[in-house]
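Trainee: One structure, as structure tokens, below. Some questions next.
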Amino acid sequence: MAKFRKIGILTSGGDAPGMNVCVKAVVNKAESLGIDVIGVVGGYAGLIKGDLIDLTHKSVANVISQSGTMLYSSRCPEFATEEGMQRAVETCQKNNIDAMVCIGGDGTFRGATDLTFHGIPSIGLPGTIDNDITATDYTIGLDTSINTTVRMIDNLRDTCESHERLVVVEVMGRDCGQIALYSAIASGAVAVVVPEVPFDEAAAIQKIKDLREAGKRGMIVVVSEGVFNPDGTPYSETLTQRIKEQTGVEAKFYRPAHTVRGGVPTMKDRTIAAEMATKAVDLLVEGKSNRVMCQIDGKVVDMDIAFALIADRMYKNKLKDGDLDKFTPEQIEEMKALKAKREEEILNLYKVASEIGF
Ligand code: F6P
């Protein structure tokens, strides 16, 4: 027997391929349980304004292959204020929204946990191309964005080979180098630069010179957007300039930027989105909330949002005083294990990229 009359759903932060699959899966699963679903238009800003649309299996019939988000998205600082939150809660109360499913990254989860504590049970789904949420091995959108990036690099490789050029490709991933690492491995880049691993620029420059001397014509270097010069400017552009000056190799710069946030979602993104979304509805019906869906060691599981957010801060070395106070020693050990796992994964990817990149 369904506990809720109506579930609200929103997408927030940067859009990601597969968000629409989440929306469709929540709608279809809820409908099968006799629960209505209402879409919030434009993320948390839409919840504050009361911008809502009814959703049925008909309204989501054809969204499974479309990227972007049919509910639109925004980044909404007002939601972090008490006044914004009160208005959002009023929207839920006025429209009989008993629970929310919120799809996005860490900012979205903070919103979901705040909503829960203001009386609206909420569940978070990880939707961001960056894969930068420590608690989950995978975030919806990563696979599509990497595949798009690799296709673009393949095209660049063709023309680089013809013209004996090198291209530095700057890829998205604000705090996390995974898009860069996977793209570099999959495209045989001669060097990769990510925020998590120190980069030996002199060695990379020497490698490029040696490869050219050995007859390599086309070359690719992948740099994560999260790597900056000391003055805050993008390192990717500086590195391009230095390669030109110090190797004599003709170097071009390319930034696909938001292009890789669009595109038809891959099978992987569709299936994981569908599984996480249907399980989110199950959780709400079971009376659970303040949970985030994660994929750990190949399995979809749910985790306390506060735990996930603090584990994330621990990994990113952004813990604030008192952050760990409400967690047991066992939970803190679990967080440390998640951090260690993520660090090992990044180092392993970096090693593979370095070993095959020539
Ligand atoms: O959603 C993640 C992300 O794509 C990052 O990789 C990037 O830094 C950021 O969003 C860009 O944000 P916006 O779309 O607001 O420019």
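Chain labels follow the order of the structure tokens: the first chain is A, the next B, and so on; residue numbering restarts at 1 in every chain, and ligands are counted from 1 in their shown order.
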DSSP on the backbone, then: every residue of range 20-268 of chain A marked alpha helix (DSSP H), written as JSON, numbers by chain.
Mentor: {"A": [20, 21, 22, 23, 24, 25, 26, 27, 28, 29, 30, 31, 32, 43, 44, 45, 46, 47, 48, 49, 82, 83, 84, 85, 86, 87, 88, 89, 90, 91, 92, 93, 94, 106, 107, 108, 109, 110, 111, 112, 113, 114, 115, 116, 117, 142, 143, 144, 145, 146, 147, 148, 149, 150, 151, 152, 153, 154, 155, 156, 157, 158, 159, 160, 161, 162, 163, 178, 179, 180, 181, 182, 183, 184, 185, 186, 187, 201, 202, 203, 204, 205, 206, 207, 208, 209, 210, 211, 212, 213, 235, 236, 237, 238, 239, 240, 241, 242, 243, 244, 245, 246, 247, 267, 268]}
Trainee: Please identify all polymer residues within 9 Å of Arg261 in chain A, counting only C-alpha atoms, omitting same-chain residues fewer than 2 positions from it, and present them as a ChimeraX atom specification.
Mentor: /A:14-17,67-68,128-129,141,144-145,148,257-259,263
Trainee: Within 9 Å of ligand 1 (counting only C-alpha atoms and all ligand atoms), which residues show up? I'd like them as a PyMOL selection string.
Mentor: chain A and resi 13-16+74-75+104-105+127-132+171-176+179+225-226+257-258+260-261
Trainee: Just N, CA, C and O atoms for this one: save the residues we selected as a compact mmCIF listing (two decimals), in the first residue's frame.
Mentor:
```txt
# COMPACT_ATOMS: atom_id res chain seq x y z
N GLY A 13 21.35 21.80 -10.45
CA GLY A 13 22.77 21.87 -10.78
C GLY A 13 22.99 21.59 -12.26
O GLY A 13 22.06 21.69 -13.07
N GLY A 14 24.23 21.22 -12.61
CA GLY A 14 24.53 20.95 -14.02
C GLY A 14 23.74 19.76 -14.53
O GLY A 14 23.65 18.74 -13.83
N ASP A 15 23.16 19.88 -15.72
CA ASP A 15 22.38 18.74 -16.24
C ASP A 15 23.33 17.60 -16.59
O ASP A 15 24.54 17.80 -16.74
N ALA A 16 22.77 16.40 -16.71
CA ALA A 16 23.60 15.23 -17.03
C ALA A 16 22.78 14.26 -17.84
O ALA A 16 21.59 14.06 -17.54
N SER A 74 18.68 24.56 -12.53
CA SER A 74 19.25 25.86 -12.15
C SER A 74 20.19 25.63 -10.98
O SER A 74 20.17 24.57 -10.37
N ARG A 75 20.99 26.62 -10.68
CA ARG A 75 21.74 26.63 -9.43
C ARG A 75 21.08 27.74 -8.62
O ARG A 75 20.91 28.85 -9.11
N GLY A 104 20.84 15.32 -8.86
CA GLY A 104 21.92 16.28 -9.12
C GLY A 104 23.17 15.89 -8.36
O GLY A 104 23.37 14.72 -8.04
N GLY A 105 23.99 16.88 -8.05
CA GLY A 105 25.27 16.61 -7.37
C GLY A 105 25.19 16.94 -5.88
O GLY A 105 24.11 16.96 -5.29
N GLY A 127 23.23 12.66 -10.12
CA GLY A 127 23.24 12.98 -11.55
C GLY A 127 24.22 14.11 -11.82
O GLY A 127 23.92 15.27 -11.54
N THR A 128 25.39 13.76 -12.27
CA THR A 128 26.40 14.76 -12.66
C THR A 128 27.46 14.06 -13.49
O THR A 128 27.86 12.94 -13.15
N ILE A 129 27.91 14.70 -14.55
CA ILE A 129 28.91 14.04 -15.40
C ILE A 129 30.25 13.89 -14.69
O ILE A 129 31.09 13.10 -15.11
N ASP A 130 30.46 14.64 -13.61
CA ASP A 130 31.80 14.72 -13.02
C ASP A 130 32.23 13.48 -12.22
O ASP A 130 33.41 13.30 -11.96
N ASN A 131 31.28 12.66 -11.80
CA ASN A 131 31.57 11.54 -10.90
C ASN A 131 32.38 12.01 -9.68
O ASN A 131 33.37 11.40 -9.29
N ASP A 132 31.93 13.11 -9.10
CA ASP A 132 32.70 13.72 -8.01
C ASP A 132 32.01 13.57 -6.66
O ASP A 132 32.18 14.40 -5.77
N VAL A 171 39.03 19.08 -20.52
CA VAL A 171 37.71 18.45 -20.31
C VAL A 171 37.10 18.88 -18.99
O VAL A 171 37.81 19.34 -18.09
N MET A 172 35.79 18.70 -18.88
CA MET A 172 35.09 19.10 -17.66
C MET A 172 35.45 18.19 -16.48
O MET A 172 36.06 17.15 -16.65
N GLY A 173 35.01 18.59 -15.31
CA GLY A 173 35.29 17.86 -14.08
C GLY A 173 35.94 18.82 -13.10
O GLY A 173 37.15 18.89 -13.00
N ARG A 174 35.08 19.56 -12.40
CA ARG A 174 35.58 20.66 -11.58
C ARG A 174 36.53 20.19 -10.46
O ARG A 174 37.60 20.72 -10.29
N ASP A 175 36.08 19.19 -9.69
CA ASP A 175 36.90 18.74 -8.56
C ASP A 175 37.47 17.36 -8.77
O ASP A 175 38.19 16.86 -7.91
N CYS A 176 37.12 16.74 -9.85
CA CYS A 176 37.45 15.33 -10.01
C CYS A 176 38.00 15.07 -11.41
O CYS A 176 37.40 15.48 -12.40
N ILE A 179 36.80 12.28 -15.60
CA ILE A 179 36.49 12.43 -17.03
C ILE A 179 37.81 12.49 -17.80
O ILE A 179 37.98 11.84 -18.84
N GLU A 225 39.69 20.50 -16.34
CA GLU A 225 39.41 21.93 -16.12
C GLU A 225 39.70 22.36 -14.67
O GLU A 225 39.81 23.54 -14.38
N GLY A 226 39.83 21.35 -13.78
CA GLY A 226 40.04 21.67 -12.36
C GLY A 226 41.50 21.93 -12.02
O GLY A 226 41.84 22.04 -10.84
N ALA A 257 33.98 21.74 -23.49
CA ALA A 257 33.10 22.32 -22.47
C ALA A 257 31.74 21.62 -22.41
O ALA A 257 31.68 20.40 -22.34
N HIS A 258 30.64 22.41 -22.51
CA HIS A 258 29.31 21.85 -22.27
C HIS A 258 28.84 20.88 -23.34
O HIS A 258 27.84 20.19 -23.13
N VAL A 260 29.86 18.14 -24.01
CA VAL A 260 29.85 16.75 -23.52
C VAL A 260 28.78 16.54 -22.45
O VAL A 260 28.67 15.44 -21.90
N ARG A 261 28.00 17.56 -22.14
CA ARG A 261 26.87 17.35 -21.22
C ARG A 261 25.60 16.97 -21.98
O ARG A 261 24.60 16.60 -21.37
```
Trainee: Find the residues around Leu349 in chain A up to 12 Å (only C-alpha atoms counted), leave out those fewer than 5 positions away in its own chain, and share them as number ranges by chain.
Mentor: A: 177-186, 192-194, 196-197, 342-344, 354-357
Trainee: Would you work out the distance separating CA of Lys244 in chain A from CA of Gly232 in chain A, expressed in Å to one decimal?
Mentor: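 So the two atoms, CA of Lys244 in chain A and CA of Gly232 in chain A, lie 21.4 Å apart.
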Trainee: Suppose you want the space between CA of Val249 in chain A and CA of Ile220 in chain A; what is it in Å?
Mentor: 11.8 Å
Trainee: Contacts of Arg165 in chain A at 9 Å or less, counting only C-alpha atoms, minus same-chain residues fewer than 3 places along, as a PyMOL selection string?
Mentor: chain A and resi 157+159-162+217-220+249-252
Trainee: Show which residues sit within 6 Å of Glu170 in chain A, as a list in words. Count only C-alpha atoms, and ignore same-chain residues fewer than 4 positions away.
Mentor: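 Close residues of Glu170 in chain A: Val222, Val223, Ser224, Glu225 and Arg255 of chain A.
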